[in-house]
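This is protein.cif. It holds mmCIF, C-alpha atoms.
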data_data
loop_
_atom_site.label_atom_id
_atom_site.label_comp_id
_atom_site.auth_asym_id
_atom_site.auth_seq_id
_atom_site.Cartn_x
_atom_site.Cartn_y
_atom_site.Cartn_z
CA MET A 12 -68.99 163.02 78.50
CA VAL A 13 -66.35 164.64 76.35
CA VAL A 14 -65.46 166.98 79.20
CA LYS A 15 -64.92 164.04 81.52
CA ARG A 16 -62.69 162.34 78.98
CA ILE A 17 -60.63 165.48 78.43
CA LEU A 18 -60.28 165.99 82.18
CA ALA A 19 -59.16 162.38 82.54
CA ILE A 20 -56.55 162.78 79.81
CA ILE A 21 -55.25 166.01 81.34
CA SER A 22 -54.95 164.52 84.80
CA ILE A 23 -53.30 161.39 83.38
CA LEU A 24 -50.75 163.51 81.54
CA LEU A 25 -50.06 165.43 84.75
CA ILE A 26 -49.59 162.23 86.73
CA GLY A 27 -47.39 160.80 83.98
CA TYR A 28 -45.19 163.89 83.96
CA TRP A 29 -44.91 163.75 87.73
CA LEU A 30 -43.99 160.04 87.69
CA ALA A 31 -41.43 160.61 84.94
CA GLN A 32 -39.93 163.50 86.93
CA GLY A 33 -39.66 161.27 89.96
CA LEU A 34 -38.12 158.40 88.05
CA ALA A 35 -35.60 160.64 86.27
CA GLY A 36 -33.63 160.60 89.51
CA VAL A 37 -33.51 156.81 89.62
CA PRO A 38 -30.72 155.67 87.29
CA PHE A 39 -31.59 152.66 85.20
CA GLY A 40 -29.24 149.69 85.10
CA GLN A 41 -26.92 150.84 87.86
CA ASP A 42 -25.95 148.78 90.83
CA LYS A 43 -28.21 150.06 93.63
CA MET A 44 -28.06 146.96 95.79
CA LEU A 45 -27.66 147.26 99.54
CA VAL A 46 -29.29 144.24 101.14
CA GLY A 47 -29.55 142.42 97.83
CA GLN A 48 -25.78 142.09 97.54
CA TYR A 49 -25.64 140.50 100.99
CA TYR A 50 -28.29 137.99 99.96
CA LEU A 51 -26.43 137.20 96.72
CA ASP A 52 -23.10 136.77 98.51
CA ASN A 53 -24.42 134.51 101.25
CA VAL A 54 -27.35 132.70 99.68
CA LYS A 55 -25.46 129.47 98.95
CA GLN A 56 -23.89 129.12 102.37
CA GLN A 57 -26.88 130.26 104.39
CA THR A 58 -29.76 128.58 102.59
CA GLY A 59 -28.31 126.06 100.15
CA ALA A 60 -30.51 127.38 97.37
CA VAL A 61 -29.16 128.48 94.00
CA ASN A 62 -32.12 130.69 93.13
CA ALA A 63 -31.68 133.84 95.21
CA VAL A 64 -35.27 135.00 94.65
CA THR A 65 -36.65 131.78 96.10
CA ALA A 66 -34.25 132.01 99.02
CA VAL A 67 -35.45 135.56 99.75
CA VAL A 68 -39.12 134.59 99.44
CA VAL A 69 -39.09 131.39 101.46
CA ASN A 70 -36.09 131.62 103.72
CA TYR A 71 -35.06 135.20 104.52
CA ARG A 72 -38.62 136.52 104.36
CA GLY A 73 -40.55 133.35 105.06
CA PHE A 74 -42.88 135.08 107.49
CA ASP A 75 -43.93 137.48 104.76
CA THR A 76 -44.72 134.51 102.53
CA LEU A 77 -46.83 132.98 105.29
CA GLY A 78 -48.79 136.23 105.33
CA GLU A 79 -49.08 136.07 101.54
CA VAL A 80 -50.48 132.54 101.73
CA THR A 81 -52.90 133.79 104.37
CA VAL A 82 -54.04 136.61 102.07
CA LEU A 83 -54.68 134.10 99.30
CA PHE A 84 -56.60 131.91 101.73
CA ILE A 85 -58.71 134.87 102.87
CA ALA A 86 -59.39 135.77 99.24
CA SER A 87 -60.54 132.27 98.38
CA THR A 88 -62.69 132.16 101.52
CA GLY A 89 -64.07 135.57 100.63
CA VAL A 90 -64.95 134.50 97.10
CA GLY A 91 -66.63 131.41 98.52
CA ALA A 92 -68.56 133.50 101.06
CA LEU A 93 -69.59 136.20 98.58
CA LEU A 94 -70.84 133.72 96.01
CA TRP A 95 -72.42 131.41 98.55
CA LYS A 96 -75.84 130.11 97.59
CA LYS A 97 -78.03 127.46 99.16
CA LYS A 98 -77.92 125.25 96.14
CA LYS A 99 -75.35 125.67 93.41
CA LYS A 100 -74.88 123.60 90.32
CA ARG A 101 -72.97 123.65 87.09
CA THR A 102 -75.29 125.20 84.54
CA ALA A 103 -73.18 124.81 81.40
CA LYS A 104 -75.27 123.38 78.60
CA THR A 105 -72.81 122.31 75.92
CA GLU A 106 -69.90 119.91 76.20
CA GLY A 107 -66.54 121.14 75.04
CA SER A 108 -65.55 120.41 71.48
CA VAL A 109 -63.79 117.18 70.53
CA VAL A 110 -60.45 118.95 70.47
CA LEU A 111 -60.97 120.34 73.97
CA THR A 112 -62.19 117.10 75.56
CA THR A 113 -59.54 114.89 73.93
CA GLY A 114 -56.82 117.42 74.65
CA THR A 115 -57.90 117.69 78.28
CA LYS A 116 -57.91 113.92 78.74
CA LEU A 117 -54.46 113.70 77.23
CA LEU A 118 -52.91 116.74 78.88
CA PHE A 119 -54.40 116.74 82.38
CA PRO A 120 -51.77 114.48 84.03
CA PHE A 121 -48.94 116.25 82.28
CA VAL A 122 -50.14 119.69 83.30
CA VAL A 123 -50.35 118.54 86.93
CA LEU A 124 -46.91 116.94 86.59
CA PHE A 125 -45.48 120.16 85.18
CA GLY A 126 -46.96 122.13 88.07
CA ALA A 127 -45.38 119.71 90.52
CA TYR A 128 -42.08 120.01 88.64
CA ILE A 129 -42.21 123.80 88.92
CA PHE A 130 -42.76 123.83 92.67
CA ILE A 131 -40.36 121.03 93.51
CA HIS A 132 -37.55 122.73 91.59
CA GLY A 133 -38.30 126.14 93.09
CA HIS A 134 -34.86 126.47 94.66
CA LEU A 135 -33.07 125.73 91.37
CA THR A 136 -35.06 127.23 88.53
CA PRO A 137 -37.38 130.23 88.10
CA GLY A 138 -40.75 129.46 89.57
CA GLY A 139 -41.89 128.01 92.85
CA GLY A 140 -44.98 127.25 94.80
CA PHE A 141 -47.19 130.03 93.46
CA PRO A 142 -46.68 129.50 89.71
CA GLY A 143 -46.70 125.73 90.22
CA GLY A 144 -49.98 125.89 92.11
CA ALA A 145 -51.46 128.16 89.44
CA THR A 146 -50.44 125.61 86.79
CA ILE A 147 -52.20 122.83 88.71
CA ALA A 148 -55.31 125.00 88.98
CA THR A 149 -55.14 125.48 85.20
CA ALA A 150 -55.40 121.71 84.80
CA PHE A 151 -58.64 121.73 86.81
CA LEU A 152 -59.90 124.73 84.82
CA LEU A 153 -59.37 122.63 81.67
CA LEU A 154 -61.50 119.85 83.18
CA TYR A 155 -64.22 122.37 84.05
CA MET A 156 -64.25 123.76 80.53
CA ALA A 157 -64.25 120.39 78.81
CA PHE A 158 -66.90 118.47 80.79
CA VAL A 159 -70.27 119.90 81.82
CA VAL A 160 -70.75 117.72 84.87
CA TYR A 161 -67.26 117.82 86.29
CA GLU A 162 -66.73 119.15 89.81
CA ILE A 163 -63.64 119.03 91.98
CA PRO A 164 -63.79 116.64 94.95
CA HIS A 165 -64.71 119.34 97.48
CA LYS A 166 -64.19 117.45 100.73
CA ALA A 167 -60.76 116.16 99.74
CA PHE A 168 -59.68 119.54 98.38
CA GLU A 169 -60.72 121.43 101.51
CA LYS A 170 -58.96 118.93 103.74
CA THR A 171 -55.79 119.06 101.63
CA GLU A 172 -55.82 122.84 101.72
CA GLY A 173 -56.22 122.96 105.49
CA LEU A 174 -53.53 120.35 106.03
CA ALA A 175 -51.11 122.22 103.75
CA GLY A 176 -51.67 125.48 105.63
CA MET A 177 -51.22 123.73 108.96
CA SER A 178 -48.03 121.99 107.89
CA TYR A 179 -46.52 125.32 106.79
CA VAL A 180 -47.04 126.66 110.32
CA LEU A 181 -45.82 123.33 111.71
CA VAL A 182 -42.55 123.55 109.76
CA GLY A 183 -42.12 127.05 111.18
CA LEU A 184 -42.86 125.87 114.71
CA ILE A 185 -40.32 123.04 114.43
CA GLY A 186 -37.81 125.75 113.53
CA LEU A 187 -38.91 127.71 116.60
CA ALA A 188 -38.33 124.65 118.79
CA ILE A 189 -34.92 123.80 117.31
CA GLY A 190 -33.35 127.11 116.33
CA GLY A 191 -35.09 129.66 118.51
CA TYR A 192 -37.08 131.60 115.92
CA PHE A 193 -40.11 131.02 113.75
CA LEU A 194 -39.37 129.51 110.32
CA PHE A 195 -35.75 128.73 111.25
CA ASP A 196 -34.31 126.54 108.47
CA TRP A 197 -33.69 123.50 110.64
CA ILE A 198 -32.95 121.12 107.77
CA TRP A 199 -30.11 123.24 106.45
CA GLN A 200 -28.76 125.04 109.52
CA THR A 201 -28.89 122.18 112.00
CA TRP A 202 -28.47 119.04 109.97
CA HIS A 203 -26.50 120.53 107.04
CA PHE A 204 -28.51 118.22 104.83
CA GLY A 205 -27.44 118.24 101.20
CA THR A 206 -24.38 120.46 101.69
CA GLU A 207 -22.38 118.64 99.02
CA ASN A 208 -25.00 118.81 96.28
CA ILE A 209 -25.91 122.48 96.05
CA GLY A 210 -27.50 123.03 92.66
CA ARG A 211 -29.09 119.58 92.59
CA LEU A 212 -32.59 118.61 93.62
CA ILE A 213 -31.86 117.35 97.16
CA SER A 214 -30.58 120.59 98.64
CA GLY A 215 -31.88 123.94 99.71
CA GLY A 216 -32.91 123.07 103.26
CA PHE A 217 -36.63 123.38 103.78
CA ILE A 218 -37.28 125.42 100.62
CA PRO A 219 -38.49 122.44 98.52
CA ILE A 220 -40.68 121.24 101.40
CA ILE A 221 -42.29 124.63 101.98
CA TYR A 222 -42.72 125.24 98.27
CA THR A 223 -44.39 121.84 97.88
CA ILE A 224 -46.79 122.80 100.68
CA ILE A 225 -47.43 126.21 99.10
CA GLY A 226 -47.92 124.65 95.67
CA ILE A 227 -50.53 122.20 96.94
CA LYS A 228 -52.27 124.95 98.89
CA VAL A 229 -52.33 127.44 96.03
CA GLY A 230 -53.46 124.78 93.56
CA THR A 231 -56.39 123.66 95.68
CA GLU A 232 -57.32 127.24 96.59
CA LEU A 233 -57.36 128.52 93.02
CA SER A 234 -59.33 125.45 91.92
CA GLY A 235 -61.83 126.28 94.66
CA ILE A 236 -62.08 129.88 93.38
CA ILE A 237 -62.70 128.58 89.84
CA ASP A 238 -65.35 126.21 91.19
CA SER A 239 -67.26 128.85 93.14
CA MET A 240 -67.14 131.28 90.20
CA LEU A 241 -68.33 128.79 87.60
CA LYS A 242 -71.30 127.38 89.48
CA GLU A 243 -74.62 129.17 89.51
CA GLU A 244 -77.64 129.16 91.73
CA VAL A 245 -80.45 126.81 90.76
CA SER A 246 -84.00 127.24 92.02
CA GLU A 247 -85.70 124.15 93.31
CA MET B 1 -34.14 160.96 79.44
CA ILE B 2 -35.76 158.18 81.33
CA SER B 3 -35.21 154.57 80.36
CA VAL B 4 -37.56 152.81 77.98
CA TYR B 5 -38.55 150.36 80.73
CA TYR B 6 -39.58 153.18 83.06
CA PHE B 7 -41.46 154.72 80.16
CA GLY B 8 -43.28 151.45 79.51
CA ALA B 9 -44.14 151.05 83.18
CA ILE B 10 -45.50 154.61 83.40
CA ALA B 11 -47.44 154.10 80.17
CA LEU B 12 -49.04 150.91 81.51
CA VAL B 13 -50.00 152.64 84.77
CA LEU B 14 -51.52 155.54 82.85
CA ILE B 15 -53.43 153.29 80.44
CA GLY B 16 -54.89 151.46 83.42
CA LEU B 17 -55.74 154.73 85.13
CA TYR B 18 -57.49 156.00 81.98
CA ALA B 19 -59.61 152.85 81.86
CA ILE B 20 -60.53 153.27 85.51
CA LEU B 21 -61.46 156.94 85.09
CA VAL B 22 -63.34 156.82 81.81
CA LYS B 23 -64.83 153.35 81.29
CA LYS B 24 -68.34 152.56 82.49
CA ASN B 25 -68.27 148.78 82.43
CA LEU B 26 -67.16 147.30 85.73
CA LEU B 27 -65.21 144.51 84.03
CA LYS B 28 -63.29 147.05 81.95
CA ILE B 29 -62.47 148.96 85.13
CA LEU B 30 -61.12 145.77 86.65
CA ILE B 31 -59.05 145.12 83.52
CA GLY B 32 -57.66 148.64 83.92
CA LEU B 33 -56.76 147.86 87.52
CA SER B 34 -54.89 144.74 86.37
CA ILE B 35 -53.02 146.72 83.70
CA MET B 36 -51.98 149.27 86.35
CA GLU B 37 -50.72 146.43 88.51
CA THR B 38 -48.64 145.10 85.62
CA GLY B 39 -47.12 148.54 85.18
CA VAL B 40 -46.14 148.74 88.84
CA ASN B 41 -44.61 145.25 88.65
CA LEU B 42 -42.61 146.21 85.55
CA LEU B 43 -41.40 149.35 87.32
CA LEU B 44 -40.20 147.41 90.38
CA ILE B 45 -38.42 144.81 88.24
CA SER B 46 -36.70 147.44 86.10
CA VAL B 47 -35.56 149.40 89.16
CA GLY B 48 -33.79 146.24 90.33
CA TYR B 49 -32.09 145.63 86.98
CA VAL B 50 -28.34 146.09 86.66
CA SER B 51 -27.02 146.36 83.10
CA GLY B 52 -25.14 143.40 81.75
CA ARG B 53 -26.04 141.12 84.60
CA SER B 54 -28.07 137.96 84.55
CA ALA B 55 -30.99 136.54 86.54
CA PRO B 56 -30.24 135.93 90.24
CA ILE B 57 -29.84 132.18 89.86
CA LEU B 58 -26.28 131.38 90.85
CA SER B 59 -25.47 128.68 88.34
CA GLU B 60 -22.24 128.05 86.45
CA GLY B 61 -20.56 131.25 85.31
CA ILE B 62 -22.89 133.50 87.29
CA GLY B 63 -21.36 134.53 90.57
CA PRO B 64 -22.78 136.87 93.19
CA SER B 65 -21.34 139.85 91.28
CA GLN B 66 -23.01 138.94 87.98
CA ALA B 67 -26.60 138.77 89.19
CA VAL B 68 -29.28 141.45 89.44
CA ASP B 69 -31.02 142.48 92.65
CA PRO B 70 -33.20 139.58 93.89
CA ILE B 71 -35.33 141.63 96.29
CA PRO B 72 -37.56 143.48 93.77
CA GLN B 73 -38.22 140.17 92.02
CA ALA B 74 -39.25 138.57 95.31
CA LEU B 75 -41.51 141.54 96.06
CA VAL B 76 -43.09 141.33 92.62
CA LEU B 77 -43.71 137.61 93.13
CA THR B 78 -45.66 138.57 96.25
CA ALA B 79 -47.43 141.40 94.43
CA ILE B 80 -48.59 139.14 91.60
CA VAL B 81 -50.14 136.68 94.04
CA ILE B 82 -51.88 139.44 95.98
CA GLY B 83 -53.06 140.86 92.66
CA VAL B 84 -54.64 137.54 91.74
CA ALA B 85 -56.35 137.41 95.13
CA THR B 86 -57.76 140.95 94.89
CA THR B 87 -58.86 140.41 91.27
CA ALA B 88 -60.74 137.27 92.27
CA MET B 89 -62.47 139.15 95.10
CA ALA B 90 -63.38 142.07 92.82
CA LEU B 91 -64.72 139.75 90.15
CA SER B 92 -66.97 137.97 92.62
CA VAL B 93 -68.30 141.34 93.81
CA ALA B 94 -68.95 142.14 90.13
CA ILE B 95 -70.86 138.86 89.76
CA LEU B 96 -72.99 139.78 92.78
CA LEU B 97 -73.66 143.27 91.41
CA TYR B 98 -74.74 141.82 88.08
CA GLU B 99 -77.09 139.42 89.83
CA LYS B 100 -78.64 142.27 91.84
CA TYR B 101 -78.88 145.01 89.20
CA GLY B 102 -78.76 143.12 85.93
CA THR B 103 -76.10 145.43 84.56
CA LEU B 104 -72.40 146.13 84.96
CA ASN B 105 -72.66 149.80 84.01
CA VAL B 106 -71.43 151.73 87.04
CA GLU B 107 -73.73 154.68 86.27
CA GLU B 108 -76.82 152.54 86.30
CA ILE B 109 -75.94 150.76 89.50
CA ARG B 110 -77.56 152.79 92.25
CA ARG B 111 -75.40 154.31 94.98
CA LEU B 112 -72.23 153.58 93.01
CA ARG B 113 -72.06 156.64 90.76
CA GLY B 114 -68.61 157.43 89.48
#
Mind converting the file's structure to structure tokens?
Amino acid sequence: MVVKRILAIISILLIGYWLAQGLAGVPFGQDKMLVGQYYLDNVKQQTGAVNAVTAVVVNYRGFDTLGEVTVLFIASTGVGALLWKKKKKRTAKTEGSVVLTTGTKLLFPFVVLFGAYIFIHGHLTPGGGFPGGATIATAFLLLYMAFVVYEIPHKAFEKTEGLAGMSYVLVGLIGLAIGGYFLFDWIWQTWHFGTENIGRLISGGFIPIIYTIIGIKVGTELSGIIDSMLKEEVSE
Amino acid sequence: MISVYYFGAIALVLIGLYAILVKKNLLKILIGLSIMETGVNLLLISVGYVSGRSAPILSEGIGPSQAVDPIPQALVLTAIVIGVATTAMALSVAILLYEKYGTLNVEEIRRLRG
């Protein structure tokens, strides 16, 4: 036992020394940008977004984000498949306290609204579809914790999730039809929609649209993960 | 001397690694994995930092030459989401293991000795 712990500490110190040696050659706080500077210089003209991170995630590397959404989808499907049981029910015995139930009733719409705010303003402020969707899932987690019988509307959630995933691909395919490559920003590059109000809400090409889709998809997916983790098997 | 941010990132990675190597409880191992992930994210973000510059949101007073590198931040955004996905998968495997063996101790779970 003690030997194992000592060995672990020794190997950790070795790895730490090696990492520190490697990082000693990477200067902190210096300008090391190569591609990043190009993105920063051209982000306003090419995408219409003010937030360069969002532009990189959704616009320049939109295909990567589609893969990321797919990974999240596979994870939620995997959780559902791993925890699949013939008959599952909520088994919580006690209601939440008065503070929790009252707070949930009061806060639920505002938490969902805040999530929607985060993903709609993804091209202007820090945040975007993934944090916004996680915030929406938090609202449903609150409902699960406060009420013993609550369950998400499964049918509607699954349909919404599928539709959101399909519309992401559809937006990309419209770009393929108009501009010649997948996830071409047709709203910005072809129509020049919102050119005069960069930095306001109606701008940024298809970034707000895609982030809304991602937000809905992530929110429903994470709520589904919460649902399948919280329910337990019941014997007949 | 390495920067304090690199030091913090390495420390987080090592703390996570220690938990993975030494702890017996599966949930603690997963917590260690998450801590390691946080360390890697902090490392990526701090590699992209440029001193005296502000977040890469080109608002008033922040031009393209006053913003830090946006690419590591975009990568970390991806990494966080993937981390959530893998953590959810690992936790559901842990739930299944607990249902089958009645324990989360990795030494007591057969054919999973570490």
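By chain and then residue number, the residues within 10 Å of Leu104 in chain B are B:Lys24, B:Asn25, B:Leu26, B:Leu27, B:Lys28, B:Ala94, B:Ile95, B:Leu97, B:Tyr98, counting only C-alpha atoms and disregarding those fewer than 6 positions away in sequence.
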Name the residues captured by the PyMOL selection byres ((chain B) within 9 of (chain A)) when it is applied to the shown file; answer as a PyMOL selection string.
chain B and resi 1-3+5-7+10-11+13-15+17-18+21-22+46-52+55-59+63-65+67-75+77-78+81-82+84-86+88-93+95-96
Coordinates-based distance that separates CA of Gly215 in chain A from CA of His132 in chain A (Å, one decimal)
10.0 Å
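Among the candidate residues A:Phe119, A:Phe125, A:Tyr161, A:Trp202, the one lying nearest to Glu106 in chain A is A:Tyr161, with distances computed using all atoms listed in the file.
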How many Å lie between CA of His203 in chain A and CA of Phe217 in chain A, rounded to one decimal?
11.0 Å
Non-local contacts of Pro120 in chain A (12 Å; all atoms listed in the file; under 5 positions in same chain excluded) as a PyMOL selection string:
chain A and resi 114-115+125-127+146-147+149-151+153-154
Point-to-point distance from CA of Trp197 in chain A to CA of Ser178 in chain A, Å rounded to tenths
14.7 Å
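Look at Gly183 in chain A: the protein and nucleic acid residues within 7 Å of it, using only C-alpha atoms and passing over chain neighbours fewer than 6 places away, are Phe193, Leu194 and Phe195 of chain A.
For the set B:Thr87, B:Gln66, B:Thr103, B:Ser54, the residue with the smallest atom-to-atom gap to Leu30 in chain B is B:Thr87, counting only C-alpha atoms.
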Quick one: apply the PyMOL selection byres ((chain A and resi 140) around 8) to the file and drop the selected residues here as a VMD selection string.
chain A and resid 129 to 131 133 138 to 139 141 to 144 222 to 227 229
Could you state which residues are captured by the PyMOL selection byres ((chain A and resi 204) around 10) in this file, as an MDAnalysis selection string?
chainID A and resid 59 197:203 205:208 213:217
Please determine an axis-aligned box that encloses all atoms of range 32-39 of chain B listed in the file, with 4 Å added on each side, and express its centre and edge lengths in Å to one decimal as AutoDock Vina command-line options.
--center_x -52.4 --center_y 147.0 --center_z 86.1 --size_x 18.5 --size_y 12.5 --size_z 12.8
Find the residues with any atom within 10 Å of (-47.2, 147.6, 90.9); use all atoms listed in the file and the coordinates as given in the file, and write the answer as an NGL selection string.
:B and (9 or 13 or 34-45 or 75-76 or 79-80 or 83)
